[in-house]
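See below for the structure under consideration.
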Amino acid sequence: MLTVDYGRLGLRPGDRLLDLGCGAGRHAFEAARRGARVVALDYAFDELPTVTSLLGAMAEAGELPGDPHAAAVNGDACNLPFATGSFDRIIASEVFEHVPDDGAAFRELARILRPGGVMAVTVPAWLPEQVCWALSDQYHAPYVEGGHVRIYTEAKLRNRIRAAGLEPRGAHRAHALHSPYWWLKCAVGPTNDDNPLVKAYHQVLVWDLTGTPGISTVTRTTERVLNPVLGKSKVVYARKPLDADASGPGSTVAAVRTAVPHPQDVELDLDFDRINGEAIGA
C-alpha cells in the first residue's frame with residue numbers, strides 16, 4: 001500500500017533514499033526494487049529486524065537490481081545520525097502527526113537532504129482525521145501512547161516545510177477507501193478488530209491490495225474517483241533549493257545535537273556498510 005508517487009518523487013536508480021518512520025518497510029522495499037540505495041529508519045526498534053530480513057530475502061531472490069544496498073536503522077527524527085546533505089530523496093510517511101516537536105524534525109530532514117533533493121511528506125488528511133478524533137479518544141494522544149498529537153491542514157503542512165527552508169511543490173491525496181474503514185473502527189473501538197463489520201471491511205481492503213480479480217478493479221476505480229475528497233492521506237512534495245548552504249535554514253547542523261557523537265553518524269557516500277552493519281545483499 002504505497003502512499004507516495006515515486007514519479008513525483010523523481011526517484012532514480014542509485015539515488016540515496018531515507019524512509020523515515022519506515023514501520024514495516026513498505027516504501028523502503030519499493031525504493032530498493034527501483035534501484036535506490038535505501039536507509040529505513042524508525043524510532044521503534046521492534047519491526048526493524050523484520051525489515052532487514054525482508055530486504056535480505058529480496059536481494060537473495062534477485063528482486064533488487066544491480067548491486068543492492070539497504071540498511072535498517074533505529075533513530076530519532078529530531079536528531080538524525082547522518083551527515084548534512086546525505087540523501088537525494090526522503091520519504092516521511094505518516095510520521096509528523098506522532099512527533100511532538102515537528103519543527104525540529106522538519107529541520108533535520110532539510111539538513112540531511114542535498115540541495116536539489118526532493119522529499120515526500122504524508123500525513124492524515126484533515127477531514128478524515130477530524131472525524132476519527134471526534135469518534136474516539138482511543139485513536140489519538142494523550143489517551144494513546146505514541147498516538148497522533150495534531151491534525152494538519154495542507155496549509156499548515158506547507159508552512160512547516162517552508163519554515164525548514166524547503167520549497168513545497170505538488171500535492172495529492174491517497175487511500176480514500178481507508179477513511180470509512182477507520183471511521184468504522186473508531187466508532188466500535190480502534191482495537192476492536194473482531195467486530196463483524198470491521199472484519200468484513202478489512203477483507204475488502206485485503207482483496208484490493210492483493211489485486212483479487214473482479215474486486216480490485218472496482219475498488220481501485222472507486223478509490224481514484226474518491227481520493228480528491230476522501231483520501232485518508234495527504235501527500236506534499238518539497239524540494240531543497242539548489243543554492244542552499246550550510247548557514248541557511250534547514251541546512252545548519254542542529255544545535256540540539258548531543259556532545260557525544262552518535263555511533264551511526266557516518267558519511268553515507270563514503271561508507272554505506274557502516275550504517276547499522278553490512279549493507280543488505282552487498
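Order determines the names: the first chain of the C-alpha cells is A, the second B, and so forth; residues in each chain are numbered 1 upward, and ligands are numbered 1 upward as they are shown.
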
Using only C-alpha atoms, which protein or nucleic acid residues come within 8 Å of A:Ala110? Drop anything in the same chain fewer than 2 positions from it, and give the result as a PDB file with all heavy atoms, in the first residue's frame.
ATOM      1  N   PHE A 106      11.389  18.527  10.927  1.00  0.00           N
ATOM      2  CA  PHE A 106      11.465  19.082   9.578  1.00  0.00           C
ATOM      3  C   PHE A 106      12.845  19.687   9.319  1.00  0.00           C
ATOM      4  O   PHE A 106      13.407  19.529   8.228  1.00  0.00           O
ATOM      5  CB  PHE A 106      10.381  20.143   9.370  1.00  0.00           C
ATOM      6  CG  PHE A 106       9.078  19.587   8.885  1.00  0.00           C
ATOM      7  CD1 PHE A 106       7.950  19.612   9.699  1.00  0.00           C
ATOM      8  CD2 PHE A 106       8.960  19.048   7.619  1.00  0.00           C
ATOM      9  CE1 PHE A 106       6.741  19.104   9.251  1.00  0.00           C
ATOM     10  CE2 PHE A 106       7.753  18.538   7.161  1.00  0.00           C
ATOM     11  CZ  PHE A 106       6.636  18.568   7.986  1.00  0.00           C
ATOM     12  N   ARG A 107      13.393  20.386  10.304  1.00  0.00           N
ATOM     13  CA  ARG A 107      14.712  20.992  10.127  1.00  0.00           C
ATOM     14  C   ARG A 107      15.786  19.925   9.921  1.00  0.00           C
ATOM     15  O   ARG A 107      16.705  20.098   9.114  1.00  0.00           O
ATOM     16  CB  ARG A 107      15.057  21.882  11.327  1.00  0.00           C
ATOM     17  CG  ARG A 107      14.247  23.168  11.381  1.00  0.00           C
ATOM     18  CD  ARG A 107      14.792  24.129  12.417  1.00  0.00           C
ATOM     19  NE  ARG A 107      14.697  23.621  13.781  1.00  0.00           N
ATOM     20  CZ  ARG A 107      13.635  23.756  14.563  1.00  0.00           C
ATOM     21  NH1 ARG A 107      12.555  24.380  14.111  1.00  0.00           N
ATOM     22  NH2 ARG A 107      13.639  23.295  15.794  1.00  0.00           N
ATOM     23  N   GLU A 108      15.686  18.817  10.651  1.00  0.00           N
ATOM     24  CA  GLU A 108      16.657  17.738  10.496  1.00  0.00           C
ATOM     25  C   GLU A 108      16.570  17.101   9.108  1.00  0.00           C
ATOM     26  O   GLU A 108      17.587  16.821   8.467  1.00  0.00           O
ATOM     27  CB  GLU A 108      16.438  16.669  11.575  1.00  0.00           C
ATOM     28  CG  GLU A 108      17.204  16.905  12.855  1.00  0.00           C
ATOM     29  CD  GLU A 108      18.698  16.720  12.647  1.00  0.00           C
ATOM     30  OE1 GLU A 108      19.350  17.650  12.140  1.00  0.00           O
ATOM     31  OE2 GLU A 108      19.223  15.640  12.970  1.00  0.00           O
ATOM     32  N   ILE A 112      19.637  17.020   6.140  1.00  0.00           N
ATOM     33  CA  ILE A 112      20.279  15.848   5.537  1.00  0.00           C
ATOM     34  C   ILE A 112      19.917  15.661   4.063  1.00  0.00           C
ATOM     35  O   ILE A 112      20.499  14.811   3.391  1.00  0.00           O
ATOM     36  CB  ILE A 112      19.956  14.565   6.321  1.00  0.00           C
ATOM     37  CG1 ILE A 112      18.467  14.233   6.234  1.00  0.00           C
ATOM     38  CG2 ILE A 112      20.435  14.690   7.770  1.00  0.00           C
ATOM     39  CD1 ILE A 112      18.127  12.855   6.803  1.00  0.00           C
ATOM     40  N   LEU A 113      18.952  16.446   3.556  1.00  0.00           N
ATOM     41  CA  LEU A 113      18.610  16.397   2.136  1.00  0.00           C
ATOM     42  C   LEU A 113      19.598  17.254   1.349  1.00  0.00           C
ATOM     43  O   LEU A 113      19.897  18.384   1.741  1.00  0.00           O
ATOM     44  CB  LEU A 113      17.190  16.918   1.935  1.00  0.00           C
ATOM     45  CG  LEU A 113      16.593  16.823   0.524  1.00  0.00           C
ATOM     46  CD1 LEU A 113      16.439  15.374   0.089  1.00  0.00           C
ATOM     47  CD2 LEU A 113      15.236  17.534   0.487  1.00  0.00           C
ATOM     48  N   ALA A 164      11.312  25.218   7.355  1.00  0.00           N
ATOM     49  CA  ALA A 164      12.536  24.419   7.409  1.00  0.00           C
ATOM     50  C   ALA A 164      13.494  24.760   6.268  1.00  0.00           C
ATOM     51  O   ALA A 164      14.590  24.206   6.196  1.00  0.00           O
ATOM     52  CB  ALA A 164      12.187  22.932   7.363  1.00  0.00           C
ATOM     53  N   GLY A 165      13.076  25.668   5.372  1.00  0.00           N
ATOM     54  CA  GLY A 165      13.949  26.076   4.279  1.00  0.00           C
ATOM     55  C   GLY A 165      13.744  25.304   2.995  1.00  0.00           C
ATOM     56  O   GLY A 165      14.582  25.381   2.087  1.00  0.00           O
ATOM     57  N   LEU A 166      12.634  24.573   2.891  1.00  0.00           N
ATOM     58  CA  LEU A 166      12.336  23.806   1.685  1.00  0.00           C
ATOM     59  C   LEU A 166      11.224  24.482   0.885  1.00  0.00           C
ATOM     60  O   LEU A 166      10.483  25.314   1.406  1.00  0.00           O
ATOM     61  CB  LEU A 166      11.915  22.379   2.059  1.00  0.00           C
ATOM     62  CG  LEU A 166      12.928  21.575   2.879  1.00  0.00           C
ATOM     63  CD1 LEU A 166      12.339  20.220   3.254  1.00  0.00           C
ATOM     64  CD2 LEU A 166      14.237  21.401   2.116  1.00  0.00           C
ATOM     65  N   LYS A 240      14.609  20.933  -1.904  1.00  0.00           N
ATOM     66  CA  LYS A 240      15.599  21.784  -1.248  1.00  0.00           C
ATOM     67  C   LYS A 240      16.247  22.672  -2.307  1.00  0.00           C
ATOM     68  O   LYS A 240      16.722  22.173  -3.333  1.00  0.00           O
ATOM     69  CB  LYS A 240      16.668  20.941  -0.550  1.00  0.00           C
ATOM     70  CG  LYS A 240      17.653  21.766   0.286  1.00  0.00           C
ATOM     71  CD  LYS A 240      18.522  20.848   1.125  1.00  0.00           C
ATOM     72  CE  LYS A 240      19.477  21.625   2.011  1.00  0.00           C
ATOM     73  NZ  LYS A 240      20.253  20.728   2.901  1.00  0.00           N
ATOM     74  N   GLY A 250      17.331  25.098   7.561  1.00  0.00           N
ATOM     75  CA  GLY A 250      17.183  23.709   7.173  1.00  0.00           C
ATOM     76  C   GLY A 250      18.493  23.046   6.800  1.00  0.00           C
ATOM     77  O   GLY A 250      18.524  21.882   6.471  1.00  0.00           O
ATOM     78  N   SER A 251      19.602  23.788   6.830  1.00  0.00           N
ATOM     79  CA  SER A 251      20.881  23.213   6.456  1.00  0.00           C
ATOM     80  C   SER A 251      21.877  23.173   7.608  1.00  0.00           C
ATOM     81  O   SER A 251      22.868  22.490   7.560  1.00  0.00           O
ATOM     82  CB  SER A 251      21.498  24.013   5.293  1.00  0.00           C
ATOM     83  OG  SER A 251      20.651  24.007   4.184  1.00  0.00           O
TER      84      SER A 251
END

Please build the interface table for stretch 112-198 of chain A against stretch 21-26 of chain A with a cut-off of 12 Å, listing for each qualifying residue the nearest atom pair and the distance in Å to one decimal; count only C-alpha atoms, order rows by chain and increasing number, and write it as a Markdown table.
| residue | atom | partner | partner_atom | distance |
| --- | --- | --- | --- | --- |
| A:Val121 | CA | A:Gly21 | CA | 11.0 |
| A:Thr122 | CA | A:Gly21 | CA | 11.1 |
| A:Val123 | CA | A:Gly21 | CA | 11.9 |

| For A:Leu242: contacts at 8 Å, only C-alpha atoms, fewer than 2 positions along chain excluded, given as a ChimeraX atom specification | /A:115-116,240,244

| Nearest to A:Tyr43 by atom-to-atom distance, counting only C-alpha atoms, from A:Ala77, A:Ala28, A:Met58, A:Val188 |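 Nearest to A:Tyr43: A:Ala77.
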
| Interatomic distance between atom CA of A:Gly35 and atom CA of A:Gly85? | 19.8 Å

| Using only C-alpha atoms, which of A:Lys156, A:His175, A:Arg114, A:Arg239 sits nearest A:Gly10? | A:Arg239

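Between A:Val95 and the candidates A:Arg169, A:Arg33, A:Arg150, A:Arg111, the tightest atom-to-atom separation, counting only C-alpha atoms, involves A:Arg150.
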
| field | Residue contacts of A:Trp126 (9 Å, only C-alpha atoms) excluding same-chain residues fewer than 3 positions away, as a list in words | value |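 In the requested form, the answer reads Val123, Glu129, Gln130, Val131, Ile151, Tyr152, Thr153, Glu154, Lys232, Ser233 and Lys234 of chain A.
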
With N, CA and C atoms retained, export the selected residues as a CSV table (one decimal), in the first residue's frame.
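This is the output file again.csv:
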chain,number,residue,atom,x,y,z
A,123,VAL,N,0.8,12.9,5.7
A,123,VAL,CA,0.1,13.0,7.0
A,123,VAL,C,-1.4,12.6,6.8
A,129,GLU,N,-9.3,12.8,9.5
A,129,GLU,CA,-8.7,12.8,10.8
A,129,GLU,C,-9.6,13.5,11.8
A,130,GLN,N,-10.2,14.6,11.4
A,130,GLN,CA,-11.2,15.2,12.4
A,130,GLN,C,-12.3,14.2,12.8
A,131,VAL,N,-12.8,13.5,11.8
A,131,VAL,CA,-13.9,12.5,12.2
A,131,VAL,C,-13.3,11.4,13.1
A,151,ILE,N,-3.5,17.6,14.2
A,151,ILE,CA,-4.2,17.4,12.9
A,151,ILE,C,-3.7,18.5,11.9
A,152,TYR,N,-3.2,18.1,10.8
A,152,TYR,CA,-2.7,19.0,9.8
A,152,TYR,C,-3.7,19.4,8.7
A,153,THR,N,-3.7,20.7,8.4
A,153,THR,CA,-4.3,21.2,7.2
A,153,THR,C,-3.2,21.2,6.2
A,154,GLU,N,-3.5,21.2,4.9
A,154,GLU,CA,-2.4,21.3,3.9
A,154,GLU,C,-1.7,22.6,4.1
A,232,LYS,N,-7.5,9.3,2.7
A,232,LYS,CA,-7.1,9.3,4.1
A,232,LYS,C,-5.7,10.0,4.4
A,233,SER,N,-4.9,10.0,3.3
A,233,SER,CA,-3.5,10.6,3.5
A,233,SER,C,-3.4,11.8,2.5
A,234,LYS,N,-2.8,12.8,3.0
A,234,LYS,CA,-2.4,14.0,2.2
A,234,LYS,C,-0.9,13.9,2.0

| field | Residue set, stretch 30-199 of chain A restricted to strand (DSSP E), as a ChimeraX atom specification | value | /A:37-42,70-74,87-93,113-124,167-174

| message | Using Å and a single decimal, report how far atom CA of A:Thr50 sits from atom CA of A:Lys199. | response |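 Going from atom CA of A:Lys199 over to atom CA of A:Thr50, I get 25.6 Å.
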
| Nearest to A:Ala125 by atom-to-atom distance, counting only C-alpha atoms, from A:Leu109, A:Ala141, A:Leu9, A:Val236 |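 The shortest atom-to-atom distance to A:Ala125 comes from A:Val236.
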
| message | From the options A:Lys185, A:His27, A:Arg162, A:Arg89, which residue's atoms come nearest to A:Leu135, counting only C-alpha atoms? | response |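 Of A:Lys185, A:His27, A:Arg162, A:Arg89, the one nearest A:Leu135, counting only C-alpha atoms, is A:Lys185.
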
| task | Would you work out the distance separating atom CA of A:Ala92 from atom CA of A:Ala155, expressed in Å to one decimal? | result |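 Here the two named atoms are 17.5 Å from each other.
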
| task | Taking the DSSP assignment computed from this structure's backbone, write out as JSON, numbers by chain all residues of stretch 94-170 of chain A that belong to helix (DSSP H, G or I). | result | {"A": [96, 97, 98, 102, 103, 104, 105, 106, 107, 108, 109, 110, 111, 112, 126, 127, 128, 129, 130, 131, 132, 133, 134, 135, 137, 138, 139, 154, 155, 156, 157, 158, 159, 160, 161, 162, 163]}

Using the selection just defined, write its residues with N, CA and C atoms as an mmCIF file, in the first residue's frame.
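Below you can see selection-v6.cif, which holds the result:
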data_model
loop_
_atom_site.group_PDB
_atom_site.id
_atom_site.type_symbol
_atom_site.label_atom_id
_atom_site.label_comp_id
_atom_site.auth_asym_id
_atom_site.auth_seq_id
_atom_site.Cartn_x
_atom_site.Cartn_y
_atom_site.Cartn_z
ATOM 1 N N PHE A 96 4.861 12.742 11.016
ATOM 2 C CA PHE A 96 4.860 14.015 11.735
ATOM 3 C C PHE A 96 3.686 14.193 12.681
ATOM 4 N N GLU A 97 2.588 13.491 12.436
ATOM 5 C CA GLU A 97 1.465 13.576 13.373
ATOM 6 C C GLU A 97 1.778 12.907 14.701
ATOM 7 N N HIS A 98 2.891 12.157 14.764
ATOM 8 C CA HIS A 98 3.305 11.494 16.009
ATOM 9 C C HIS A 98 4.395 12.266 16.750
ATOM 10 N N ASP A 102 7.520 18.816 15.794
ATOM 11 C CA ASP A 102 7.606 18.550 14.354
ATOM 12 C C ASP A 102 8.525 19.546 13.645
ATOM 13 N N GLY A 103 8.656 20.774 14.180
ATOM 14 C CA GLY A 103 9.561 21.742 13.581
ATOM 15 C C GLY A 103 11.000 21.257 13.589
ATOM 16 N N ALA A 104 11.434 20.663 14.708
ATOM 17 C CA ALA A 104 12.796 20.139 14.803
ATOM 18 C C ALA A 104 13.009 19.002 13.817
ATOM 19 N N ALA A 105 11.991 18.143 13.660
ATOM 20 C CA ALA A 105 12.110 17.030 12.731
ATOM 21 C C ALA A 105 12.198 17.523 11.284
ATOM 22 N N PHE A 106 11.389 18.527 10.927
ATOM 23 C CA PHE A 106 11.465 19.082 9.578
ATOM 24 C C PHE A 106 12.845 19.687 9.319
ATOM 25 N N ARG A 107 13.393 20.386 10.304
ATOM 26 C CA ARG A 107 14.712 20.992 10.127
ATOM 27 C C ARG A 107 15.786 19.925 9.921
ATOM 28 N N GLU A 108 15.686 18.817 10.651
ATOM 29 C CA GLU A 108 16.657 17.738 10.496
ATOM 30 C C GLU A 108 16.570 17.101 9.108
ATOM 31 N N LEU A 109 15.364 16.885 8.624
ATOM 32 C CA LEU A 109 15.224 16.307 7.293
ATOM 33 C C LEU A 109 15.758 17.259 6.229
ATOM 34 N N ALA A 110 15.484 18.560 6.401
ATOM 35 C CA ALA A 110 16.014 19.537 5.456
ATOM 36 C C ALA A 110 17.539 19.553 5.483
ATOM 37 N N ARG A 111 18.108 19.369 6.656
ATOM 38 C CA ARG A 111 19.567 19.362 6.788
ATOM 39 C C ARG A 111 20.194 18.214 6.011
ATOM 40 N N ILE A 112 19.637 17.020 6.140
ATOM 41 C CA ILE A 112 20.279 15.848 5.537
ATOM 42 C C ILE A 112 19.917 15.661 4.063
ATOM 43 N N TRP A 126 -6.952 16.259 6.689
ATOM 44 C CA TRP A 126 -7.666 16.996 7.742
ATOM 45 C C TRP A 126 -9.058 16.446 8.024
ATOM 46 N N LEU A 127 -9.910 16.291 7.018
ATOM 47 C CA LEU A 127 -11.296 15.882 7.262
ATOM 48 C C LEU A 127 -11.413 14.469 7.826
ATOM 49 N N PRO A 128 -10.809 13.459 7.208
ATOM 50 C CA PRO A 128 -10.889 12.115 7.793
ATOM 51 C C PRO A 128 -10.347 12.057 9.217
ATOM 52 N N GLU A 129 -9.298 12.829 9.467
ATOM 53 C CA GLU A 129 -8.693 12.816 10.805
ATOM 54 C C GLU A 129 -9.609 13.481 11.830
ATOM 55 N N GLN A 130 -10.248 14.563 11.449
ATOM 56 C CA GLN A 130 -11.200 15.215 12.354
ATOM 57 C C GLN A 130 -12.299 14.241 12.784
ATOM 58 N N VAL A 131 -12.807 13.460 11.847
ATOM 59 C CA VAL A 131 -13.867 12.503 12.161
ATOM 60 C C VAL A 131 -13.350 11.434 13.118
ATOM 61 N N CYS A 132 -12.158 10.931 12.861
ATOM 62 C CA CYS A 132 -11.583 9.896 13.745
ATOM 63 C C CYS A 132 -11.403 10.416 15.168
ATOM 64 N N TRP A 133 -10.890 11.621 15.311
ATOM 65 C CA TRP A 133 -10.693 12.203 16.646
ATOM 66 C C TRP A 133 -12.026 12.397 17.350
ATOM 67 N N ALA A 134 -13.052 12.800 16.596
ATOM 68 C CA ALA A 134 -14.363 13.037 17.209
ATOM 69 C C ALA A 134 -15.033 11.736 17.646
ATOM 70 N N LEU A 135 -14.776 10.658 16.917
ATOM 71 C CA LEU A 135 -15.441 9.382 17.210
ATOM 72 C C LEU A 135 -14.820 8.633 18.380
ATOM 73 N N ASP A 137 -11.630 8.793 21.575
ATOM 74 C CA ASP A 137 -10.443 9.289 22.270
ATOM 75 C C ASP A 137 -9.304 8.277 22.202
ATOM 76 N N GLN A 138 -9.643 7.019 21.953
ATOM 77 C CA GLN A 138 -8.633 5.963 21.923
ATOM 78 C C GLN A 138 -7.830 5.973 20.623
ATOM 79 N N TYR A 139 -8.123 6.907 19.735
ATOM 80 C CA TYR A 139 -7.424 6.976 18.447
ATOM 81 C C TYR A 139 -6.184 7.859 18.522
ATOM 82 N N GLU A 154 -3.519 21.223 4.891
ATOM 83 C CA GLU A 154 -2.445 21.302 3.895
ATOM 84 C C GLU A 154 -1.653 22.595 4.072
ATOM 85 N N ALA A 155 -2.334 23.683 4.402
ATOM 86 C CA ALA A 155 -1.639 24.959 4.596
ATOM 87 C C ALA A 155 -0.647 24.872 5.752
ATOM 88 N N LYS A 156 -1.052 24.233 6.844
ATOM 89 C CA LYS A 156 -0.159 24.092 7.999
ATOM 90 C C LYS A 156 1.059 23.261 7.639
ATOM 91 N N LEU A 157 0.853 22.187 6.882
ATOM 92 C CA LEU A 157 1.964 21.336 6.478
ATOM 93 C C LEU A 157 2.928 22.103 5.573
ATOM 94 N N ARG A 158 2.400 22.850 4.634
ATOM 95 C CA ARG A 158 3.250 23.637 3.738
ATOM 96 C C ARG A 158 4.034 24.701 4.515
ATOM 97 N N ASN A 159 3.423 25.302 5.520
ATOM 98 C CA ASN A 159 4.123 26.293 6.341
ATOM 99 C C ASN A 159 5.289 25.672 7.094
ATOM 100 N N ARG A 160 5.078 24.456 7.612
ATOM 101 C CA ARG A 160 6.168 23.761 8.306
ATOM 102 C C ARG A 160 7.327 23.491 7.335
ATOM 103 N N ILE A 161 6.988 23.094 6.122
ATOM 104 C CA ILE A 161 8.007 22.797 5.117
ATOM 105 C C ILE A 161 8.792 24.063 4.766
ATOM 106 N N ARG A 162 8.108 25.170 4.554
ATOM 107 C CA ARG A 162 8.774 26.438 4.227
ATOM 108 C C ARG A 162 9.675 26.902 5.375
ATOM 109 N N ALA A 163 9.180 26.752 6.601
ATOM 110 C CA ALA A 163 9.949 27.198 7.764
ATOM 111 C C ALA A 163 11.265 26.444 7.891
#

| request: Within 10 Å of stretch 200-206 of chain A, counting only C-alpha atoms, which residues show up once you throw out same-chain ones fewer than 2 positions away? Write them as a list of chain:residue names, please. | output: A:Leu177, A:His178, A:Pro180, A:Tyr181, A:Trp182, A:Leu184, A:Lys185, A:Asp193, A:Asp194, A:Asn195, A:Pro196, A:Leu197, A:Val198, A:Asp208, A:Leu209, A:Thr210, A:Gly211, A:Thr212, A:Ile215, A:Ser216, A:Thr219
